[in-house]
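Asks: To start, I am sharing the structure in question, which I have written as structure tokens.
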Amino acid sequence: MSYVSGLKCRECGKEREKAPIHVCELCFGPLEVVYDYEKIGKDLTKNKIQSRAPNMWRYRELLPIDGEPTVGRQVGFTPLRRADRLAKVLGIKELYIKNDAVNYPTLSFKDRVVSVALSKAREFGFKVVACASTGNLANSVAALAAAADLHSFVFIPYDLEATKVLGTMIYGTNLVGIKGTYDEVNRLCSEIAGKYNWAFVNINMRAFYAEGSKSMGYEIAEQLGWKIPQHIVVPMASGSLLTKIHKSFYELEQLGFISSSSTKMYGAQATGCAPISTCVKENQDFFKPVKPNTIAKSLAIGNPADGYYAAKAIKQTGGWSEDVSDDEIIDAIRLLAETEGVFAETAGGVTLGCAQKLIKDGRIPLDESLVICITGNGLKTQEAVVHKLDKPPIIQPSLKAFEELYEANKKS
Ligand SMILES: *Cc1c(COP(=O)(O)O)cnc(C)c1O
Ligand SMILES: [Zn+2]
């Protein structure tokens with residue numbers, strides 16, 4: 001029951017069989033999963049999808065595993081909600097939040113990619129899985145590997161948020177902090193992957209792993225009644241999520257599930273780590289790697305693996321890219337919480353902050369439909385906002401004490 005015919009180099013087009021390999025052996029280009037869309041078109045219908053359980057595997061024909069999923073079977077189908085209170089503040093007519101801050105089990109969109117990578121790793125017969133992570137991937141690999149009885153190794157920059165470290169350790173994984181940036185962690189992991197026979201989800205499993213992100217795009221289309229928005233703002237670290245949402249809309253158009261895949265894609269980054277956004281804004285063909293310095297640690301990749309393809313998708317669709325300062329990130333986190341009751345992590349502040357700029361600059365028109373992708377949960381990056389909020393008053397357990405407080409606050 002496989003719809004995957006093999007792998008193909010994105011650069012030279014050389015095809016090869018499904019295998020846990022990282023790059024093209026001819027040109028070192030990145031590899032892409034190839035599907036038999038004709039066969040998928042015969043077997044898959046909207047009705048069939050809608051009759052299945054509400055998780056990302058309802059699109060399983062479009063995901064790169066051969067059998068049934070064995071890891072993360074509950075992941076996905078997170079809420080897509082109209083956000084009228086926030087829309088009013090932004091001055092825009094039709095706004096939706098796709099909310100992966102409540103994805104299960106580890107409260108970020110990474111559960112999508114990891115459930116695919118680990119299901120595939122099992123099919124290949126791996127017993128040990130591993131990753132290089134900016135935080136959320138670490139949480140997800142540790143949790144899903146634990147539940148799947150896979151041994152795991154997780155490598156992170158040593159100075160990540162406390163909750164991301166604790167939220168990895170708790171699952172009993174082998175966590176290693178590296179004195180360096182994510183890009184240095186990733187380079188080290190490529191060397192480790194060359195030496196040990198492990199399934200590194202974002203190295204030798206990357207072609208399969210990355211396909212999991214498409215599910216976010218399928219869900220958005222289905223949840224809008226098999227329509228896609230005119231505009232979508234997506235946060236970018238490696239640039240993979242944006243590239244794959246773009247691909248998902250294109251595939252749905254190919255299958256005739258939506259009438260056109262004309263959504264304009266907008267990439268969001270933190271100013272302290274904006275190689276892709278700078279490349280788009282300066283109309284360069286290639287991005288320049290940077291050394292990250294931002295509170296949005298989950299997006300702090302200075303040399304993004306899919307940066308070139310993300311910039312290309314943005315330009316192709318007529319979208320744009322923006323970036324925001326740390327203060328703007330915090331303001332946007334608070335705005336989202338106060339208007340919609342959604343507590344996003346720093347990446348969510350990046351997404352909303354950039355959406356605000358794009359609307360203000362007239363890049364996203366006020367009377368067209370917009371989806372913003374919230375990809376992680378604010379409880380995991382509390383240190384970004386803790387110093388910005390007042391401490392709550394503490395009083396004695398008496399009515400008199402409360403009345404005094406209430407009257408004092410009324411006066412001020
Ligand atoms: C990893 C991550 C992203 C972006 O991932 P890509 O590498 O661009 O696919 C976005 N938001 C959060 C919260 C993340 O953890
Ligand atoms: Zn090649």
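We name chains A, B, ... following the order of the structure tokens; residues begin at 1 in each chain, and ligands are numbered from 1 as shown.
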List every residue of chain A that has an atom at most 10 Å from any atom of ligand 2, giving for each one its closest atom pair and the distance in Å to one decimal, counting only C-alpha atoms and all ligand atoms, sorted by chain and then by ascending residue number, as a tab-separated table.

Replies:
residue	atom	partner	partner_atom_place_in_ligand_line	distance
A:Lys8	CA	ligand 2	1 (Zn)	7.8
A:Cys9	CA	ligand 2	1 (Zn)	4.6
A:Arg10	CA	ligand 2	1 (Zn)	6.7
A:Glu11	CA	ligand 2	1 (Zn)	5.2
A:Cys12	CA	ligand 2	1 (Zn)	4.0
A:Gly13	CA	ligand 2	1 (Zn)	5.9
A:Lys14	CA	ligand 2	1 (Zn)	5.5
A:Glu15	CA	ligand 2	1 (Zn)	8.5
A:Val23	CA	ligand 2	1 (Zn)	7.7
A:Cys24	CA	ligand 2	1 (Zn)	4.5
A:Glu25	CA	ligand 2	1 (Zn)	6.6
A:Leu26	CA	ligand 2	1 (Zn)	5.1
A:Cys27	CA	ligand 2	1 (Zn)	4.1
A:Phe28	CA	ligand 2	1 (Zn)	5.8
A:Gly29	CA	ligand 2	1 (Zn)	4.8
A:Pro30	CA	ligand 2	1 (Zn)	7.4
A:Leu31	CA	ligand 2	1 (Zn)	7.9

Asks: Output the neighbourhood of ligand 1 as a PDB file with C-alpha atoms, in the first residue's frame, that is, all protein and nucleic acid residues with some atom at most 6 Å from the ligand, counting only C-alpha atoms and all ligand atoms.

Replies:
ATOM      1  CA  SER A 108       4.229  22.400  18.829  1.00  0.00           C
ATOM      2  CA  ASN A 136      10.636  21.898  20.141  1.00  0.00           C
ATOM      3  CA  PRO A 235       7.358  31.324  10.818  1.00  0.00           C
ATOM      4  CA  MET A 236      10.694  30.187   9.378  1.00  0.00           C
ATOM      5  CA  ALA A 237      13.654  28.465  11.015  1.00  0.00           C
ATOM      6  CA  SER A 238      15.112  26.125   8.362  1.00  0.00           C
ATOM      7  CA  GLY A 239      12.339  27.293   6.006  1.00  0.00           C
ATOM      8  CA  SER A 240      10.933  23.780   5.670  1.00  0.00           C
ATOM      9  CA  LEU A 241       7.434  24.363   7.068  1.00  0.00           C
ATOM     10  CA  SER A 298      13.103  27.963  18.223  1.00  0.00           C
ATOM     11  CA  LEU A 299      13.672  29.935  14.990  1.00  0.00           C
ATOM     12  CA  ALA A 347       7.783  31.975  17.341  1.00  0.00           C
ATOM     13  CA  THR A 375       3.400  26.784  15.866  1.00  0.00           C
ATOM     14  CA  GLY A 376       4.359  26.549  19.548  1.00  0.00           C
TER      15      GLY A 376
END

Asks: Determine, counting only C-alpha atoms, which protein, DNA and RNA residues have an atom within 9 Å of an atom of A:Ile21; residues of the same chain fewer than 4 positions away are not included. Present the result as a list in words.

Replies: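 With the cut-off at 9 Å, the set is Leu31, Ile203, Asn204, Met205, Arg206 and Ala207 of chain A.
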
Asks: Give me the residues within 6 Å of A:Leu7 as a ChimeraX atom specification, counting only C-alpha atoms and dropping any in the same chain fewer than 3 places off.

Replies: /A:15-18,32-34

Asks: Enumerate the residues of stretch 28-66 of chain A with a DSSP assignment of helix (DSSP H, G or I), computed from the backbone, and present them as a PDB file with N, CA and C atoms, in the first residue's frame.

Replies:
ATOM      1  N   TYR A  37       1.053  10.294  -7.943  1.00  0.00           N
ATOM      2  CA  TYR A  37      -0.174  11.071  -7.747  1.00  0.00           C
ATOM      3  C   TYR A  37      -1.364  10.489  -8.513  1.00  0.00           C
ATOM      4  N   GLU A  38      -1.079   9.784  -9.604  1.00  0.00           N
ATOM      5  CA  GLU A  38      -2.175   9.181 -10.362  1.00  0.00           C
ATOM      6  C   GLU A  38      -2.889   8.132  -9.503  1.00  0.00           C
ATOM      7  N   LYS A  39      -2.057   7.309  -8.849  1.00  0.00           N
ATOM      8  CA  LYS A  39      -2.607   6.273  -7.964  1.00  0.00           C
ATOM      9  C   LYS A  39      -3.333   6.905  -6.765  1.00  0.00           C
ATOM     10  N   ILE A  40      -2.749   7.948  -6.211  1.00  0.00           N
ATOM     11  CA  ILE A  40      -3.393   8.625  -5.080  1.00  0.00           C
ATOM     12  C   ILE A  40      -4.737   9.192  -5.525  1.00  0.00           C
ATOM     13  N   GLY A  41      -4.743   9.818  -6.708  1.00  0.00           N
ATOM     14  CA  GLY A  41      -5.968  10.405  -7.246  1.00  0.00           C
ATOM     15  C   GLY A  41      -7.081   9.379  -7.418  1.00  0.00           C
ATOM     16  N   LYS A  42      -6.717   8.140  -7.720  1.00  0.00           N
ATOM     17  CA  LYS A  42      -7.726   7.077  -7.889  1.00  0.00           C
ATOM     18  C   LYS A  42      -8.273   6.619  -6.542  1.00  0.00           C
ATOM     19  N   ASP A  43      -7.409   6.582  -5.529  1.00  0.00           N
ATOM     20  CA  ASP A  43      -7.791   5.989  -4.233  1.00  0.00           C
ATOM     21  C   ASP A  43      -8.338   6.978  -3.210  1.00  0.00           C
ATOM     22  N   LYS A  46     -12.231  13.307  -1.030  1.00  0.00           N
ATOM     23  CA  LYS A  46     -12.523  14.170   0.122  1.00  0.00           C
ATOM     24  C   LYS A  46     -13.383  13.414   1.131  1.00  0.00           C
ATOM     25  N   ASN A  47     -14.371  12.661   0.636  1.00  0.00           N
ATOM     26  CA  ASN A  47     -15.243  11.908   1.546  1.00  0.00           C
ATOM     27  C   ASN A  47     -14.469  10.911   2.385  1.00  0.00           C
ATOM     28  N   LYS A  48     -13.525  10.239   1.733  1.00  0.00           N
ATOM     29  CA  LYS A  48     -12.712   9.260   2.448  1.00  0.00           C
ATOM     30  C   LYS A  48     -11.925   9.955   3.562  1.00  0.00           C
ATOM     31  N   ILE A  49     -11.318  11.079   3.221  1.00  0.00           N
ATOM     32  CA  ILE A  49     -10.556  11.833   4.224  1.00  0.00           C
ATOM     33  C   ILE A  49     -11.462  12.205   5.393  1.00  0.00           C
ATOM     34  N   GLN A  50     -12.648  12.749   5.060  1.00  0.00           N
ATOM     35  CA  GLN A  50     -13.543  13.257   6.105  1.00  0.00           C
ATOM     36  C   GLN A  50     -14.143  12.155   6.970  1.00  0.00           C
ATOM     37  N   SER A  51     -14.108  10.910   6.464  1.00  0.00           N
ATOM     38  CA  SER A  51     -14.666   9.802   7.253  1.00  0.00           C
ATOM     39  C   SER A  51     -13.647   9.288   8.268  1.00  0.00           C
ATOM     40  N   MET A  56      -3.605  13.977  11.699  1.00  0.00           N
ATOM     41  CA  MET A  56      -2.900  14.247  10.434  1.00  0.00           C
ATOM     42  C   MET A  56      -2.855  13.034   9.509  1.00  0.00           C
ATOM     43  N   TRP A  57      -3.080  11.833  10.074  1.00  0.00           N
ATOM     44  CA  TRP A  57      -2.985  10.622   9.262  1.00  0.00           C
ATOM     45  C   TRP A  57      -4.212  10.397   8.391  1.00  0.00           C
ATOM     46  N   ARG A  58      -5.215  11.275   8.481  1.00  0.00           N
ATOM     47  CA  ARG A  58      -6.345  11.183   7.549  1.00  0.00           C
ATOM     48  C   ARG A  58      -5.867  11.490   6.107  1.00  0.00           C
ATOM     49  N   TYR A  59      -4.665  12.053   5.971  1.00  0.00           N
ATOM     50  CA  TYR A  59      -4.082  12.311   4.639  1.00  0.00           C
ATOM     51  C   TYR A  59      -2.949  11.327   4.365  1.00  0.00           C
ATOM     52  N   ARG A  60      -3.042  10.122   4.890  1.00  0.00           N
ATOM     53  CA  ARG A  60      -1.869   9.235   4.911  1.00  0.00           C
ATOM     54  C   ARG A  60      -1.345   8.875   3.519  1.00  0.00           C
ATOM     55  N   GLU A  61      -2.217   8.867   2.513  1.00  0.00           N
ATOM     56  CA  GLU A  61      -1.729   8.573   1.158  1.00  0.00           C
ATOM     57  C   GLU A  61      -0.718   9.619   0.689  1.00  0.00           C
ATOM     58  N   LEU A  62      -0.794  10.821   1.265  1.00  0.00           N
ATOM     59  CA  LEU A  62       0.104  11.912   0.875  1.00  0.00           C
ATOM     60  C   LEU A  62       1.285  12.068   1.832  1.00  0.00           C
TER      61      LEU A  62
END
